[in-house]
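Here's the structure, in structure tokens; my notes come after.
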Amino acid sequence: MPPMKAVLQLSVLEERIRKKAFVTVSRCQGVASIAFDKTGKMTVVGEIDVPVIVMKLRKLCNTEIVSVEVVKPPEKKPEEKKPEEKKPEAKPAAPAKPEIVAWPVQMSNPYQYNPAYANYCYQPYGTSRVAVDEPGCVIM
């Protein structure tokens with residue numbers, strides 16, 4: 001998604017709501033910069049999804065889209081190539097000694113499923129069920 005510049009008109013009457021709007025927009029993904037005018041216009045620049053930002057701001061205050069533009073990246077001037085200077089070759093350094101680790105390398109994940117804590121209500125496979133059709137059980 002190319003960088004975009006969105007100008008939004010907010011009806012903000014209190015400083016508290018203005019700060020909440022600023023924080024709400026700053027938490028959105030892809031926002032590069034935010035500017036607020038005294039007239040209530042908020043300018044948001046970045047790789048943003050404008051409808052998502054407007055939807056979040058409408059929970060706080062009345063929000064209208066004034067304009068949305070695609071921002072062109074600044075043109076880079078070609079750099080002049082400088083002649084490379086030859087550097088004297090460095091002698092290879094001695095190989096580094098391996099570090100000795102005192103604790104176990106493999107650590108267990110504390111959030112891993114532990115069957116010791118399972119009770120009769122816990123079912124690890126919620127989509128499975130048992131149906132009895134014949135003298136044996138069939139797992140579906």
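Chain labels follow the order of the structure tokens: the first chain is A, the next B, and so on; residue numbering restarts at 1 in every chain, and ligands are counted from 1 in their shown order.
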Original post:
Hey, what's within 7 Å of region 12-25 of chain A if we count only C-alpha atoms and toss same-chain stuff fewer than 3 positions away? As an MDAnalysis selection string, please?
Top reply: chainID A and resid 28 40 53 57 60:61
**OP:** Report the distance between CA of Ile65 (chain A) and CA of Pro2 (chain A) in Å, rounded to one decimal place.
**Re:**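 Interatomic distance, CA of Ile65 (chain A) to CA of Pro2 (chain A): 18.6 Å.
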Original post:
What's the 8 Å shell around Met42 (chain A), counting only C-alpha atoms, without same-chain residues fewer than 4 positions away, as a list in words?
Top reply: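 Contacts, with the query itself left out: Val7, Leu8, Gln9, Leu10, Ile34, Ala35, Phe36 and Asp37 of chain A.
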Original post:
Which distance in Å separates CA of Thr39 (chain A) and CA of Met4 (chain A), to one decimal?
Top reply: 21.6 Å
**OP:** Select from region 12-75 of chain A everything DSSP, run on the backbone, classes as strand (DSSP E), then give the selection as a PyMOL selection string.
**Re:** chain A and resi 31-36+41-46+63-70
Could you save those same residues with N, CA, C and O atoms as an mmCIF file, in the first residue's frame?
```
data_model
loop_
_atom_site.group_PDB
_atom_site.id
_atom_site.type_symbol
_atom_site.label_atom_id
_atom_site.label_comp_id
_atom_site.auth_asym_id
_atom_site.auth_seq_id
_atom_site.Cartn_x
_atom_site.Cartn_y
_atom_site.Cartn_z
ATOM 1 N N VAL A 31 0.873 4.263 10.840
ATOM 2 C CA VAL A 31 0.858 5.718 10.982
ATOM 3 C C VAL A 31 2.284 6.220 11.161
ATOM 4 O O VAL A 31 3.009 5.768 12.045
ATOM 5 N N ALA A 32 2.702 7.166 10.297
ATOM 6 C CA ALA A 32 4.050 7.732 10.371
ATOM 7 C C ALA A 32 4.052 9.060 11.125
ATOM 8 O O ALA A 32 4.945 9.330 11.915
ATOM 9 N N SER A 33 3.057 9.934 10.862
ATOM 10 C CA SER A 33 3.002 11.220 11.560
ATOM 11 C C SER A 33 1.562 11.681 11.690
ATOM 12 O O SER A 33 0.696 11.340 10.880
ATOM 13 N N ILE A 34 1.327 12.478 12.743
ATOM 14 C CA ILE A 34 0.009 13.028 13.028
ATOM 15 C C ILE A 34 0.179 14.505 13.328
ATOM 16 O O ILE A 34 1.091 14.891 14.059
ATOM 17 N N ALA A 35 -0.708 15.344 12.758
ATOM 18 C CA ALA A 35 -0.690 16.778 13.052
ATOM 19 C C ALA A 35 -2.121 17.211 13.337
ATOM 20 O O ALA A 35 -3.070 16.740 12.714
ATOM 21 N N PHE A 36 -2.269 18.137 14.303
ATOM 22 C CA PHE A 36 -3.579 18.624 14.705
ATOM 23 C C PHE A 36 -3.597 20.138 14.586
ATOM 24 O O PHE A 36 -2.726 20.816 15.113
ATOM 25 N N LYS A 41 -8.725 20.126 12.458
ATOM 26 C CA LYS A 41 -8.324 19.247 11.359
ATOM 27 C C LYS A 41 -7.126 18.409 11.793
ATOM 28 O O LYS A 41 -6.145 18.930 12.301
ATOM 29 N N MET A 42 -7.241 17.106 11.567
ATOM 30 C CA MET A 42 -6.155 16.178 11.891
ATOM 31 C C MET A 42 -5.587 15.662 10.576
ATOM 32 O O MET A 42 -6.327 15.211 9.710
ATOM 33 N N THR A 43 -4.269 15.750 10.437
ATOM 34 C CA THR A 43 -3.584 15.247 9.255
ATOM 35 C C THR A 43 -2.800 14.005 9.652
ATOM 36 O O THR A 43 -1.961 14.056 10.543
ATOM 37 N N VAL A 44 -3.087 12.891 8.977
ATOM 38 C CA VAL A 44 -2.438 11.612 9.272
ATOM 39 C C VAL A 44 -1.682 11.181 8.027
ATOM 40 O O VAL A 44 -2.238 11.157 6.928
ATOM 41 N N VAL A 45 -0.391 10.848 8.178
ATOM 42 C CA VAL A 45 0.448 10.437 7.061
ATOM 43 C C VAL A 45 1.027 9.060 7.373
ATOM 44 O O VAL A 45 1.440 8.795 8.505
ATOM 45 N N GLY A 46 1.055 8.197 6.365
ATOM 46 C CA GLY A 46 1.660 6.878 6.520
ATOM 47 C C GLY A 46 0.947 5.868 5.653
ATOM 48 O O GLY A 46 0.062 6.192 4.868
ATOM 49 N N THR A 63 -16.574 12.722 13.053
ATOM 50 C CA THR A 63 -15.407 12.742 12.179
ATOM 51 C C THR A 63 -15.844 12.736 10.726
ATOM 52 O O THR A 63 -16.713 11.956 10.351
ATOM 53 N N GLU A 64 -15.230 13.602 9.917
ATOM 54 C CA GLU A 64 -15.495 13.647 8.486
ATOM 55 C C GLU A 64 -14.173 13.618 7.734
ATOM 56 O O GLU A 64 -13.187 14.196 8.176
ATOM 57 N N ILE A 65 -14.177 12.983 6.567
ATOM 58 C CA ILE A 65 -12.987 12.941 5.721
ATOM 59 C C ILE A 65 -12.986 14.181 4.837
ATOM 60 O O ILE A 65 -13.931 14.409 4.090
ATOM 61 N N VAL A 66 -11.930 15.007 4.926
ATOM 62 C CA VAL A 66 -11.807 16.200 4.085
ATOM 63 C C VAL A 66 -11.125 15.828 2.780
ATOM 64 O O VAL A 66 -11.619 16.146 1.699
ATOM 65 N N SER A 67 -9.968 15.158 2.858
ATOM 66 C CA SER A 67 -9.262 14.751 1.648
ATOM 67 C C SER A 67 -8.340 13.573 1.946
ATOM 68 O O SER A 67 -7.889 13.400 3.072
ATOM 69 N N VAL A 68 -8.100 12.800 0.890
ATOM 70 C CA VAL A 68 -7.155 11.677 0.965
ATOM 71 C C VAL A 68 -6.293 11.736 -0.283
ATOM 72 O O VAL A 68 -6.805 11.799 -1.397
ATOM 73 N N GLU A 69 -4.967 11.749 -0.103
ATOM 74 C CA GLU A 69 -4.031 11.841 -1.225
ATOM 75 C C GLU A 69 -2.966 10.762 -1.090
ATOM 76 O O GLU A 69 -2.631 10.351 0.008
ATOM 77 N N VAL A 70 -2.437 10.360 -2.214
ATOM 78 C CA VAL A 70 -1.287 9.454 -2.215
ATOM 79 C C VAL A 70 -0.034 10.312 -2.190
ATOM 80 O O VAL A 70 0.133 11.220 -3.007
#
```
